[in-house]
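Content type TSV, C-alpha atoms and all ligand atoms, from the file upload26.tsv:
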chain	number	residue	atom	x	y	z
A	1	MET	CA	68.26	-52.67	35.77
A	2	ASN	CA	65.74	-54.85	33.89
A	3	ILE	CA	63.41	-52.63	31.91
A	4	LEU	CA	60.26	-53.75	30.14
A	5	ILE	CA	58.88	-51.55	27.38
A	6	VAL	CA	55.39	-52.22	26.04
A	7	GLY	CA	54.97	-51.06	22.42
A	8	SER	CA	57.38	-51.02	19.51
A	9	GLY	CA	56.45	-47.80	17.74
A	10	VAL	CA	58.91	-44.94	17.45
A	11	VAL	CA	58.42	-43.99	21.12
A	12	GLY	CA	59.04	-47.50	22.49
A	13	LEU	CA	62.01	-48.25	20.24
A	14	SER	CA	63.73	-44.87	20.65
A	15	THR	CA	63.48	-45.28	24.42
A	16	ALA	CA	64.74	-48.87	24.15
A	17	LEU	CA	67.70	-47.70	22.05
A	18	ASP	CA	68.82	-45.04	24.51
A	19	LEU	CA	68.29	-47.19	27.60
A	20	ALA	CA	70.19	-50.10	26.05
A	21	LEU	CA	73.01	-47.76	24.99
A	22	SER	CA	73.23	-46.59	28.61
A	23	GLY	CA	73.75	-50.15	29.80
A	24	GLU	CA	70.22	-51.17	30.87
A	25	ARG	CA	68.81	-54.63	30.08
A	26	VAL	CA	65.79	-53.94	27.92
A	27	THR	CA	62.95	-56.16	26.73
A	28	VAL	CA	60.23	-54.89	24.38
A	29	VAL	CA	56.82	-56.58	24.41
A	30	THR	CA	54.64	-55.75	21.45
A	31	ARG	CA	51.55	-57.15	19.87
A	32	ASN	CA	52.61	-56.42	16.35
A	33	TYR	CA	55.60	-54.33	15.46
A	34	GLU	CA	54.18	-53.19	12.14
A	35	GLU	CA	50.73	-52.00	13.24
A	36	GLY	CA	52.06	-48.79	14.78
A	37	ALA	CA	51.37	-45.35	13.36
A	38	SER	CA	55.13	-44.88	13.23
A	39	TRP	CA	55.47	-47.00	10.08
A	40	VAL	CA	53.15	-44.84	8.01
A	41	ALA	CA	53.94	-41.35	9.31
A	42	GLY	CA	54.80	-38.45	7.03
A	43	GLY	CA	57.97	-37.80	9.04
A	44	MET	CA	57.60	-34.02	8.98
A	45	LEU	CA	59.33	-32.33	11.91
A	46	ALA	CA	57.03	-29.37	11.71
A	47	PRO	CA	55.95	-27.66	14.94
A	48	LEU	CA	55.53	-24.23	13.29
A	49	SER	CA	53.66	-25.48	10.22
A	50	GLU	CA	51.51	-27.43	12.71
A	51	GLU	CA	50.90	-24.13	14.55
A	52	LEU	CA	51.95	-25.44	17.97
A	53	GLU	CA	52.18	-23.13	20.94
A	54	GLY	CA	53.12	-23.04	24.63
A	55	ASP	CA	54.35	-26.30	26.20
A	56	LEU	CA	53.78	-28.22	22.95
A	57	LEU	CA	56.09	-25.81	21.12
A	58	ASP	CA	58.73	-26.08	23.88
A	59	LEU	CA	58.53	-29.88	23.75
A	60	SER	CA	58.93	-29.76	19.97
A	61	VAL	CA	61.90	-27.40	20.00
A	62	ASP	CA	63.65	-29.55	22.63
A	63	SER	CA	63.06	-32.61	20.47
A	64	LEU	CA	64.20	-30.91	17.23
A	65	ASN	CA	67.42	-29.95	19.00
A	66	LEU	CA	68.00	-33.59	19.93
A	67	TYR	CA	67.16	-34.96	16.45
A	68	GLY	CA	70.53	-34.82	14.71
A	69	ASP	CA	72.29	-36.73	17.50
A	70	PHE	CA	69.39	-39.19	17.75
A	71	ILE	CA	69.62	-40.05	14.04
A	72	GLY	CA	73.41	-40.31	14.45
A	73	ARG	CA	72.98	-42.94	17.19
A	74	VAL	CA	70.40	-44.88	15.16
A	75	GLU	CA	72.67	-44.92	12.11
A	76	GLU	CA	75.77	-45.85	14.06
A	77	VAL	CA	74.17	-48.79	15.88
A	78	SER	CA	72.11	-50.09	12.95
A	79	GLY	CA	74.59	-49.43	10.14
A	80	ILE	CA	71.65	-48.05	8.12
A	81	LYS	CA	71.50	-44.58	6.57
A	82	VAL	CA	68.28	-42.79	7.53
A	83	PHE	CA	67.14	-39.90	5.33
A	84	PHE	CA	66.95	-36.79	7.56
A	85	GLU	CA	67.25	-33.09	6.75
A	86	ARG	CA	66.69	-29.70	8.41
A	87	GLU	CA	66.37	-27.59	5.22
A	88	GLY	CA	63.05	-26.10	6.31
A	89	ILE	CA	59.42	-26.57	5.30
A	90	LEU	CA	57.36	-24.42	2.94
A	91	ARG	CA	54.09	-23.51	4.66
A	92	LEU	CA	51.88	-22.55	1.73
A	93	GLY	CA	48.78	-20.43	1.66
A	94	VAL	CA	46.67	-22.07	-1.04
A	95	GLU	CA	43.72	-19.71	-0.72
A	96	GLU	CA	43.99	-15.98	-0.08
A	97	GLU	CA	42.37	-16.24	3.31
A	98	GLU	CA	44.75	-19.04	4.36
A	99	LEU	CA	47.76	-17.02	3.18
A	100	GLY	CA	46.80	-14.05	5.37
A	101	GLU	CA	46.64	-16.36	8.39
A	102	VAL	CA	49.96	-18.01	7.48
A	103	TYR	CA	51.70	-14.60	7.30
A	104	ARG	CA	50.20	-13.42	10.60
A	105	ARG	CA	51.22	-16.55	12.46
A	106	ALA	CA	54.69	-16.51	10.89
A	107	GLU	CA	55.21	-12.97	12.18
A	108	ARG	CA	54.53	-14.20	15.72
A	109	TYR	CA	57.06	-17.03	15.28
A	110	ARG	CA	59.63	-14.56	13.91
A	111	GLU	CA	59.20	-12.39	17.01
A	112	MET	CA	59.88	-15.50	19.11
A	113	GLY	CA	63.23	-15.92	17.31
A	114	PHE	CA	62.47	-18.67	14.76
A	115	LYS	CA	63.86	-18.59	11.21
A	116	VAL	CA	61.01	-17.25	9.11
A	117	GLU	CA	61.18	-16.15	5.46
A	118	LYS	CA	58.04	-14.61	4.01
A	119	LEU	CA	57.67	-15.48	0.32
A	120	GLY	CA	55.55	-13.82	-2.37
A	121	PRO	CA	54.41	-15.42	-5.68
A	122	SER	CA	57.73	-15.26	-7.55
A	123	GLU	CA	59.87	-16.08	-4.50
A	124	ILE	CA	57.85	-19.16	-3.64
A	125	ARG	CA	58.17	-20.49	-7.19
A	126	ALA	CA	61.90	-19.85	-7.09
A	127	GLU	CA	62.01	-22.10	-4.00
A	128	GLU	CA	59.70	-24.69	-5.56
A	129	PRO	CA	59.29	-24.59	-9.36
A	130	TYR	CA	56.66	-27.38	-9.47
A	131	LEU	CA	54.07	-25.36	-7.52
A	132	SER	CA	50.77	-24.43	-9.13
A	133	GLU	CA	50.57	-20.93	-10.66
A	134	LYS	CA	47.58	-20.31	-8.38
A	135	ILE	CA	49.66	-20.35	-5.20
A	136	GLU	CA	50.27	-16.76	-4.18
A	137	GLY	CA	52.83	-17.26	-1.47
A	138	GLY	CA	53.80	-18.79	1.83
A	139	VAL	CA	56.52	-18.96	4.42
A	140	LEU	CA	59.77	-20.90	4.69
A	141	TYR	CA	60.19	-22.17	8.23
A	142	GLY	CA	63.94	-22.72	8.22
A	143	ASP	CA	64.11	-24.60	11.53
A	144	GLU	CA	61.84	-27.45	10.44
A	145	GLY	CA	62.88	-30.84	9.12
A	146	ASN	CA	61.96	-34.10	7.46
A	147	VAL	CA	62.86	-37.71	8.26
A	148	ASP	CA	62.02	-40.97	6.50
A	149	ALA	CA	59.90	-42.55	9.26
A	150	GLU	CA	59.75	-45.97	7.58
A	151	LYS	CA	63.56	-46.09	7.26
A	152	LEU	CA	63.92	-44.87	10.83
A	153	MET	CA	61.69	-47.71	12.06
A	154	ASP	CA	63.61	-50.29	9.99
A	155	ALA	CA	66.88	-48.98	11.42
A	156	LEU	CA	65.55	-48.94	14.99
A	157	LEU	CA	64.48	-52.58	14.68
A	158	ILE	CA	67.92	-53.56	13.42
A	159	ALA	CA	69.50	-51.52	16.22
A	160	MET	CA	67.48	-53.58	18.74
A	161	ASN	CA	69.05	-56.71	17.36
A	162	GLN	CA	72.54	-55.21	17.48
A	163	LEU	CA	72.10	-54.11	21.09
A	164	GLY	CA	70.65	-57.43	22.27
A	165	VAL	CA	67.23	-55.93	23.07
A	166	ARG	CA	64.79	-58.82	23.13
A	167	ILE	CA	61.51	-58.22	21.26
A	168	VAL	CA	58.69	-60.48	22.45
A	169	VAL	CA	55.49	-60.63	20.40
A	170	ASP	CA	52.57	-60.75	22.84
A	171	ASP	CA	49.32	-58.88	23.44
A	172	VAL	CA	49.32	-57.20	26.85
A	173	VAL	CA	45.85	-57.60	28.32
A	174	GLU	CA	46.36	-56.42	31.89
A	175	VAL	CA	48.69	-54.22	33.88
A	176	GLU	CA	48.60	-55.27	37.51
A	177	LYS	CA	49.12	-52.16	39.66
A	178	ARG	CA	49.17	-51.41	43.38
A	179	ASP	CA	48.96	-47.68	44.11
A	180	ARG	CA	51.75	-46.11	42.03
A	181	ARG	CA	53.65	-49.40	41.46
A	182	VAL	CA	53.30	-51.88	38.62
A	183	GLU	CA	53.48	-55.45	39.96
A	184	SER	CA	53.37	-57.26	36.62
A	185	VAL	CA	52.27	-57.05	33.02
A	186	LYS	CA	50.09	-59.86	31.76
A	187	GLY	CA	50.16	-60.90	28.14
A	188	LEU	CA	48.17	-63.59	26.37
A	189	LYS	CA	51.27	-65.80	26.33
A	190	ASP	CA	53.16	-64.89	29.52
A	191	VAL	CA	53.41	-62.70	32.61
A	192	TYR	CA	56.27	-60.15	32.62
A	193	ARG	CA	58.07	-58.63	35.61
A	194	ALA	CA	60.80	-56.00	35.57
A	195	ASP	CA	62.48	-53.39	37.77
A	196	PHE	CA	60.97	-50.61	35.67
A	197	TYR	CA	58.20	-50.45	33.04
A	198	VAL	CA	57.68	-48.03	30.13
A	199	PHE	CA	54.31	-47.98	28.37
A	200	ALA	CA	54.39	-46.70	24.78
A	201	THR	CA	51.19	-48.23	23.44
A	202	GLY	CA	50.09	-45.42	21.10
A	203	SER	CA	46.44	-45.44	20.03
A	204	TRP	CA	45.68	-48.60	21.98
A	205	SER	CA	46.33	-47.05	25.40
A	206	ARG	CA	42.70	-46.92	26.47
A	207	ALA	CA	42.49	-50.72	26.50
A	208	THR	CA	45.76	-51.29	28.36
A	209	LEU	CA	46.03	-48.24	30.62
A	210	ASN	CA	42.49	-46.82	30.72
A	211	LEU	CA	43.69	-43.45	29.44
A	212	PRO	CA	41.60	-41.17	27.17
A	213	VAL	CA	43.48	-42.00	23.95
A	214	PHE	CA	41.62	-42.69	20.71
A	215	PRO	CA	42.64	-43.50	17.11
A	216	VAL	CA	42.61	-40.78	14.45
A	217	LYS	CA	42.81	-42.65	11.17
A	218	GLY	CA	45.22	-41.37	8.52
A	219	GLN	CA	45.57	-42.58	4.95
A	220	ILE	CA	48.69	-41.58	3.05
A	221	LEU	CA	50.00	-42.25	-0.50
A	222	LYS	CA	53.49	-43.21	-1.53
A	223	VAL	CA	54.27	-42.13	-5.11
A	224	LYS	CA	57.18	-41.81	-7.50
A	225	GLY	CA	57.25	-38.75	-9.72
A	226	PRO	CA	58.30	-35.13	-9.76
A	227	GLU	CA	60.15	-34.56	-6.49
A	228	PRO	CA	59.77	-31.17	-4.84
A	229	ARG	CA	62.91	-29.74	-3.24
A	230	LYS	CA	61.22	-29.15	0.09
A	231	VAL	CA	58.21	-30.36	2.06
A	232	CYS	CA	55.16	-28.39	0.88
A	233	TYR	CA	52.64	-28.08	3.72
A	234	SER	CA	49.18	-26.61	3.22
A	235	ARG	CA	45.69	-27.05	4.58
A	236	ILE	CA	44.70	-29.31	1.66
A	237	SER	CA	47.84	-31.42	1.24
A	238	TYR	CA	51.25	-32.37	2.56
A	239	ILE	CA	53.75	-33.18	-0.19
A	240	ILE	CA	56.77	-34.76	1.44
A	241	PRO	CA	59.84	-35.67	-0.64
A	242	LYS	CA	61.99	-38.53	0.65
A	243	GLU	CA	64.96	-40.16	-1.04
A	244	GLY	CA	63.51	-41.85	-4.15
A	245	TYR	CA	59.80	-41.30	-3.44
A	246	VAL	CA	57.24	-38.75	-2.31
A	247	LEU	CA	54.52	-39.05	0.36
A	248	LEU	CA	51.16	-37.37	-0.18
A	249	GLY	CA	49.29	-37.00	3.04
A	250	ALA	CA	47.18	-37.34	4.93
A	251	THR	CA	43.54	-37.84	5.81
A	252	SER	CA	42.32	-37.29	9.34
A	253	GLU	CA	39.29	-39.44	10.08
A	254	ASP	CA	37.19	-40.41	13.06
A	255	ALA	CA	36.72	-44.03	11.99
A	256	GLY	CA	37.95	-46.15	14.91
A	257	PHE	CA	40.49	-48.83	13.98
A	258	ASP	CA	39.19	-49.20	10.41
A	259	THR	CA	42.19	-50.31	8.35
A	260	ARG	CA	40.51	-49.95	4.95
A	261	ASN	CA	41.79	-47.57	2.30
A	262	THR	CA	38.74	-45.80	0.92
A	263	LEU	CA	38.12	-44.20	-2.47
A	264	GLU	CA	36.97	-41.04	-0.70
A	265	GLY	CA	40.19	-40.83	1.32
A	266	VAL	CA	42.51	-41.64	-1.57
A	267	GLY	CA	40.56	-39.31	-3.91
A	268	SER	CA	40.89	-36.38	-1.51
A	269	LEU	CA	44.64	-36.95	-1.20
A	270	ILE	CA	45.12	-36.96	-4.97
A	271	ASP	CA	42.88	-33.88	-5.48
A	272	GLY	CA	44.70	-31.88	-2.80
A	273	ALA	CA	48.18	-32.79	-3.99
A	274	VAL	CA	47.43	-32.08	-7.66
A	275	LYS	CA	45.92	-28.70	-6.81
A	276	VAL	CA	49.18	-27.72	-5.12
A	277	MET	CA	51.51	-29.39	-7.64
A	278	PRO	CA	49.76	-30.21	-10.95
A	279	SER	CA	52.64	-32.27	-12.36
A	280	LEU	CA	52.00	-34.91	-9.68
A	281	LYS	CA	49.20	-36.13	-12.01
A	282	GLU	CA	51.93	-38.08	-13.81
A	283	ALA	CA	53.26	-39.73	-10.65
A	284	GLU	CA	53.26	-43.50	-10.26
A	285	LEU	CA	51.27	-44.80	-7.27
A	286	LEU	CA	53.55	-47.10	-5.24
A	287	ASP	CA	51.54	-47.75	-2.08
A	288	ILE	CA	48.54	-46.66	-0.03
A	289	LYS	CA	49.04	-46.84	3.71
A	290	VAL	CA	46.85	-46.41	6.75
A	291	GLY	CA	47.70	-45.73	10.39
A	292	PHE	CA	46.22	-44.48	13.65
A	293	ARG	CA	47.41	-41.29	15.32
A	294	PRO	CA	47.10	-41.58	19.10
A	295	GLY	CA	44.66	-38.70	19.71
A	296	THR	CA	43.71	-37.21	23.09
A	297	PRO	CA	40.83	-34.86	24.03
A	298	ASP	CA	43.11	-31.76	24.00
A	299	GLY	CA	45.57	-32.91	21.33
A	300	LYS	CA	48.43	-33.07	23.83
A	301	PRO	CA	50.44	-36.15	24.82
A	302	ILE	CA	49.97	-37.98	28.11
A	303	PHE	CA	53.08	-38.50	30.25
A	304	ASP	CA	52.86	-40.08	33.67
A	305	ALA	CA	55.45	-41.43	36.09
A	306	GLY	CA	54.77	-43.80	39.00
A	307	ASP	CA	57.24	-45.37	41.43
A	308	ASN	CA	58.51	-47.90	38.88
A	309	TYR	CA	56.81	-46.98	35.63
A	310	LEU	CA	56.52	-44.32	32.97
A	311	VAL	CA	53.70	-43.76	30.49
A	312	LEU	CA	54.55	-42.03	27.17
A	313	VAL	CA	51.43	-42.04	24.98
A	314	GLY	CA	49.05	-39.76	23.03
A	315	HIS	CA	51.66	-38.36	20.62
A	316	TYR	CA	48.85	-37.64	18.12
A	317	ARG	CA	50.17	-35.85	14.96
A	318	ASN	CA	53.76	-35.32	16.11
A	319	GLY	CA	55.11	-38.56	17.54
A	320	ILE	CA	57.96	-38.85	15.07
A	321	LEU	CA	59.03	-35.34	16.05
A	322	TRP	CA	58.66	-36.02	19.78
A	323	ALA	CA	60.48	-39.39	19.87
A	324	PRO	CA	63.90	-38.09	21.00
A	325	VAL	CA	62.47	-35.91	23.77
A	326	SER	CA	60.24	-38.78	24.96
A	327	SER	CA	63.27	-41.00	25.21
A	328	ARG	CA	65.17	-38.25	27.07
A	329	ILE	CA	62.33	-37.97	29.61
A	330	ALA	CA	62.66	-41.73	30.24
A	331	LEU	CA	66.45	-41.67	30.51
A	332	ASP	CA	66.49	-38.71	32.92
A	333	LEU	CA	63.90	-40.35	35.16
A	334	ILE	CA	65.25	-43.89	35.15
A	335	GLN	CA	68.97	-43.17	35.28
A	336	LYS	CA	69.20	-39.85	37.13
A	337	GLY	CA	65.93	-39.74	39.04
A	338	VAL	CA	65.25	-36.37	37.38
A	339	ARG	CA	61.60	-35.57	36.66
A	340	SER	CA	61.11	-33.67	33.41
A	341	ARG	CA	58.88	-30.62	33.65
A	342	TYR	CA	56.85	-32.18	30.82
A	343	LEU	CA	55.62	-34.83	33.27
A	344	ASP	CA	53.70	-32.01	34.95
A	345	SER	CA	52.66	-30.24	31.73
A	346	PHE	CA	51.18	-33.38	30.21
A	347	SER	CA	50.02	-35.28	33.29
A	348	PRO	CA	46.78	-37.32	32.91
A	349	SER	CA	45.51	-35.55	36.04
A	350	ARG	CA	44.29	-32.78	33.70
A	351	PHE	CA	41.44	-35.09	32.67
A	352	GLU	CA	40.33	-35.90	36.22
A	353	GLY	CA	36.95	-34.63	37.30
B	401	LIG	C1	49.05	-40.78	8.28
B	401	LIG	C2	49.91	-40.29	9.42
B	401	LIG	C3	50.83	-39.27	9.21
B	401	LIG	C4	51.64	-38.81	10.26
B	401	LIG	N1	52.57	-37.85	9.99
B	401	LIG	C5	53.41	-37.44	11.01
B	401	LIG	C6	54.43	-36.50	10.73
B	401	LIG	O1	54.59	-36.03	9.60
B	401	LIG	N2	55.26	-36.13	11.76
B	401	LIG	C7	55.13	-36.64	13.03
B	401	LIG	O2	55.91	-36.27	13.92
B	401	LIG	N3	54.15	-37.55	13.32
B	401	LIG	C8	53.29	-37.94	12.33
B	401	LIG	N4	52.29	-38.85	12.60
B	401	LIG	C9	52.06	-39.23	14.00
B	401	LIG	C10	53.00	-40.33	14.46
B	401	LIG	O3	53.02	-41.35	13.50
B	401	LIG	C11	52.55	-40.90	15.80
B	401	LIG	O4	52.35	-39.86	16.75
B	401	LIG	C12	53.63	-41.84	16.36
B	401	LIG	O5	53.97	-42.78	15.38
B	401	LIG	C13	53.15	-42.55	17.62
B	401	LIG	O6	54.16	-43.45	17.99
B	401	LIG	P1	53.95	-44.47	19.18
B	401	LIG	O7	55.23	-45.21	19.34
B	401	LIG	O8	53.38	-43.76	20.35
B	401	LIG	O9	52.77	-45.44	18.68
B	401	LIG	P2	52.70	-46.52	17.52
B	401	LIG	O10	53.71	-46.28	16.47
B	401	LIG	O11	51.28	-46.57	17.09
B	401	LIG	O12	53.11	-47.87	18.24
B	401	LIG	C14	52.35	-48.42	19.30
B	401	LIG	C15	52.81	-49.84	19.50
B	401	LIG	O13	52.20	-50.35	20.71
B	401	LIG	C16	51.82	-51.68	20.49
B	401	LIG	N5	50.75	-52.03	21.42
B	401	LIG	C17	49.61	-51.33	21.64
B	401	LIG	N6	48.86	-51.97	22.57
B	401	LIG	C18	49.53	-53.08	22.92
B	401	LIG	C19	49.27	-54.15	23.82
B	401	LIG	N7	48.15	-54.19	24.55
B	401	LIG	N8	50.16	-55.14	23.93
B	401	LIG	C20	51.32	-55.12	23.22
B	401	LIG	N9	51.62	-54.12	22.35
B	401	LIG	C21	50.74	-53.12	22.20
B	401	LIG	C22	51.36	-51.72	19.04
B	401	LIG	O14	51.38	-53.03	18.53
B	401	LIG	C23	52.42	-50.81	18.38
B	401	LIG	O15	53.54	-51.55	18.01
B	401	LIG	C24	51.48	-39.35	11.57
B	401	LIG	C25	50.57	-40.39	11.78
B	401	LIG	C26	49.78	-40.86	10.73
B	401	LIG	C27	48.82	-41.98	10.97
Translate this structure into structure tokens?
Ligand SMILES: Cc1cc2nc3c(=O)[nH]c(=O)nc-3n(C[C@H](O)[C@H](O)[C@H](O)COP(=O)(O)OP(=O)(O)OC[C@H]3O[C@@H](n4cnc5c(N)ncnc54)[C@H](O)[C@@H]3O)c2cc1C
Amino acid sequence: MNILIVGSGVVGLSTALDLALSGERVTVVTRNYEEGASWVAGGMLAPLSEELEGDLLDLSVDSLNLYGDFIGRVEEVSGIKVFFEREGILRLGVEEEELGEVYRRAERYREMGFKVEKLGPSEIRAEEPYLSEKIEGGVLYGDEGNVDAEKLMDALLIAMNQLGVRIVVDDVVEVEKRDRRVESVKGLKDVYRADFYVFATGSWSRATLNLPVFPVKGQILKVKGPEPRKVCYSRISYIIPKEGYVLLGATSEDAGFDTRNTLEGVGSLIDGAVKVMPSLKEAELLDIKVGFRPGTPDGKPIFDAGDNYLVLVGHYRNGILWAPVSSRIALDLIQKGVRSRYLDSFSPSRFEG
């Protein structure tokens, strides 16, 4: 089958990888393969630290379970090592009130069967010696993980080349549809036709698909300095060690597609990180990045399947985490004709009326 994927973020490329590996002929059309949120993401695989519940938690757990094999496929096809670990994330309570909430929520997750370790002041510093003396405790969520999103995107792009997936740079301006069928996709340079279409256009999905998706701007710092052993997640800062550098994230701003790095944003990131880990004051600033989380009115993704198309957008704060399960939804539908239950949970019909 000829499959056209619009969008080359983590959702589009993961789907392209798996479809190409299953023998489909895949073309990716993208306006700009570096503008996606996927290139700047923190790469935390953190559904419990993110306090997800219900269908969002189920989606996350399914995706976490697929992650190891997904990274294996990416590495095997691309020949590139992608930093990925499942050593757990430290969910800190920076203020007393936050700590109480962290413990209460963790208890609920423990009852659901997740790996939860409650840590007091001395235990948390044994886990992470660089933490500020002021931090009284937190929780180790042992199921959570961390992936280098930038490396993953580099490797996915190389994998496209290895698999013969064509990447066409074009701006899709119209999707011609009749009822539940896509007839063609019009770009500024060409018109594209395929047997099946996948739309993975992230924050830009309102313009192309008329769906209620909007950009949530995030600034994030890349630094070199004291490297914590584990991801340290709190309300005021995310400190995310990778191989050879650390990410300090992330702002969350309602600022449209404003690509500027602002002093206010950068200042708040430094303040938050240094409060949690004072020795980061000495860190060298390597880069300041900005990206747009694909937000939706209820913070949940939007999945929709027509006769010959699939929409996978609105991955908001967790698109790196949800990439493998998004790709699985596509594969099951296209190759086996099996409709994932998540197509009902996250249907755009919830916004109608
Ligand atoms: C600062 C920050 C930190 C984050 N941290 C995490 C984290 O720790 N963990 C996590 O899981 N997630 C995180 N996220 C969220 C995650 O990055 C996103 O949910 C995910 O990257 C979305 O992927 P995507 O493929 O849907 O979209 P994108 O990566 O945004 O890609 C969309 C693609 O579609 C293309 N496109 C759009 N419109 C058109 C068009 N009309 N024609 C052609 N091409 C088009 C764009 O050019 C782009 O290539 C973070 C995001 C930000 C900004």
Which residue gives the smallest distance to ligand LIG 401 (chain B) among A:Val82, A:Val198, A:Leu312, A:Val338, with all atoms listed in the file counted?
-> A:Leu312
Test item: axis-aligned box, all listed atoms of ligand LIG 401 (chain B), 8 Å on each side, centre and edges in Å rounded to one decimal, as JSON:
{"center_x": 52.0, "center_y": -45.6, "center_z": 16.4, "size_x": 23.8, "size_y": 35.1, "size_z": 32.3}
Gap from CA of Gly142 in chain A to atom C12 of ligand LIG 401 (chain B) - Å, one decimal =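 Between CA of Gly142 in chain A and atom C12 of ligand LIG 401 (chain B) the gap works out to 23.2 Å.
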May I have the residues within 9 Å of Lys300 in chain A as number ranges by chain, using all atoms listed in the file and disregarding those fewer than 2 positions away in the same chain?
-> A: 56, 295-298, 302, 314-316, 346
Take the residues just selected and output them with C-alpha atoms as a short mmCIF file (atom, residue, chain, number, x, y, z; two decimals), keeping the file's coordinate frame.
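Okay, selection.cif is ready:
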data_model
loop_
_atom_site.label_atom_id
_atom_site.label_comp_id
_atom_site.auth_asym_id
_atom_site.auth_seq_id
_atom_site.Cartn_x
_atom_site.Cartn_y
_atom_site.Cartn_z
CA LEU A 56 53.78 -28.22 22.95
CA GLY A 295 44.66 -38.70 19.71
CA THR A 296 43.71 -37.21 23.09
CA PRO A 297 40.83 -34.86 24.03
CA ASP A 298 43.11 -31.76 24.00
CA ILE A 302 49.97 -37.98 28.11
CA GLY A 314 49.05 -39.76 23.03
CA HIS A 315 51.66 -38.36 20.62
CA TYR A 316 48.85 -37.64 18.12
CA PHE A 346 51.18 -33.38 30.21
#
In Å, rounded to a single decimal, give me how far CA of Leu343 in chain A is from atom O9 of ligand LIG 401 (chain B).
->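 Answer for the atom O9 of ligand LIG 401 (chain B) to CA of Leu343 in chain A separation: 18.3 Å.
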Polymer residues at most 8 Å from (63.4, -43.1, 7.5) by all atoms listed in the file, as an MDAnalysis selection string | chainID A and resid 43 82:84 147:155
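Distance check against Lys115 in chain A using only C-alpha atoms: of A:Gly218, A:Pro129, A:Gly137, A:Gly88, the minimum falls on A:Gly88.
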Which polymer residues have any atom within 12 Å of an atom of Leu209 in chain A, counting all atoms listed in the file, with same-chain residues fewer than 3 positions away left out, as a ChimeraX atom specification?
-> /A:6,172-177,182,185,198-206,212-213,302,304,309-314,348
8 Å contact set for Arg105 in chain A, only C-alpha atoms, chain neighbours under 4 positions out, as a PyMOL selection string | chain A and resi 51+101+109
Written selection (C-alpha atoms) as a short mmCIF file (atom, residue, chain, number, x, y, z; two decimals), in the frame of the given file:
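Contents of result_28.cif, as written:
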data_model
loop_
_atom_site.label_atom_id
_atom_site.label_comp_id
_atom_site.auth_asym_id
_atom_site.auth_seq_id
_atom_site.Cartn_x
_atom_site.Cartn_y
_atom_site.Cartn_z
CA GLU A 51 50.90 -24.13 14.55
CA GLU A 101 46.64 -16.36 8.39
CA TYR A 109 57.06 -17.03 15.28
#
Skip Ala16 in chain A itself and residues of its chain fewer than 4 positions away, then list as a PyMOL selection string all residues within 8 Å of it, counting only C-alpha atoms.
-> chain A and resi 5+12+20+26-28+160+165
For ligand LIG 401 (chain B), which residue out of A:Leu13, A:Val139, A:Leu119, A:Cys232 is the nearest one, using all atoms listed in the file?
-> A:Leu13
Closest to ligand LIG 401 (chain B) among A:Glu136, A:Glu253, A:Glu111, A:Glu352, using all atoms listed in the file?
->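 Residue with the minimum atom-to-atom distance to ligand LIG 401 (chain B): A:Glu253.
The spacing separating CA of Gly120 in chain A from CA of Gly138 in chain A amounts to 6.7 Å.
Here the question is which of A:Arg317, A:Arg166, A:Asp171, A:Tyr130 gets nearest to Pro226 in chain A using all atoms listed in the file, and that residue is A:Tyr130.
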Find the residues with any atom within 9 Å of (41.4, -45.6, 0.4); use all atoms listed in the file and the coordinates as given in the file, and write the answer as a VMD selection string.
-> chain A and resid 219 to 220 260 to 267 288 to 290
Output file for the selection above: C-alpha atoms, as a PDB file, in the frame of the given file:
ATOM      1  CA  GLN A 219      45.570 -42.580   4.950  1.00  0.00           C
ATOM      2  CA  ILE A 220      48.690 -41.580   3.050  1.00  0.00           C
ATOM      3  CA  ARG A 260      40.510 -49.950   4.950  1.00  0.00           C
ATOM      4  CA  ASN A 261      41.790 -47.570   2.300  1.00  0.00           C
ATOM      5  CA  THR A 262      38.740 -45.800   0.920  1.00  0.00           C
ATOM      6  CA  LEU A 263      38.120 -44.200  -2.470  1.00  0.00           C
ATOM      7  CA  GLU A 264      36.970 -41.040  -0.700  1.00  0.00           C
ATOM      8  CA  GLY A 265      40.190 -40.830   1.320  1.00  0.00           C
ATOM      9  CA  VAL A 266      42.510 -41.640  -1.570  1.00  0.00           C
ATOM     10  CA  GLY A 267      40.560 -39.310  -3.910  1.00  0.00           C
ATOM     11  CA  ILE A 288      48.540 -46.660  -0.030  1.00  0.00           C
ATOM     12  CA  LYS A 289      49.040 -46.840   3.710  1.00  0.00           C
ATOM     13  CA  VAL A 290      46.850 -46.410   6.750  1.00  0.00           C
TER      14      VAL A 290
END
Quick one: everything within 7 Å of Gly9 in chain A, counting only C-alpha atoms, minus sequence neighbours fewer than 6 positions away in the same chain. Send it as a list of chain:residue names.
-> A:Tyr33, A:Gly36, A:Ser38
Looking at only C-alpha atoms and all ligand atoms, which of A:Asp190, A:Glu183, A:Glu117, A:Asp271 is the one that sits closest to ligand LIG 401 (chain B)?
-> A:Asp190
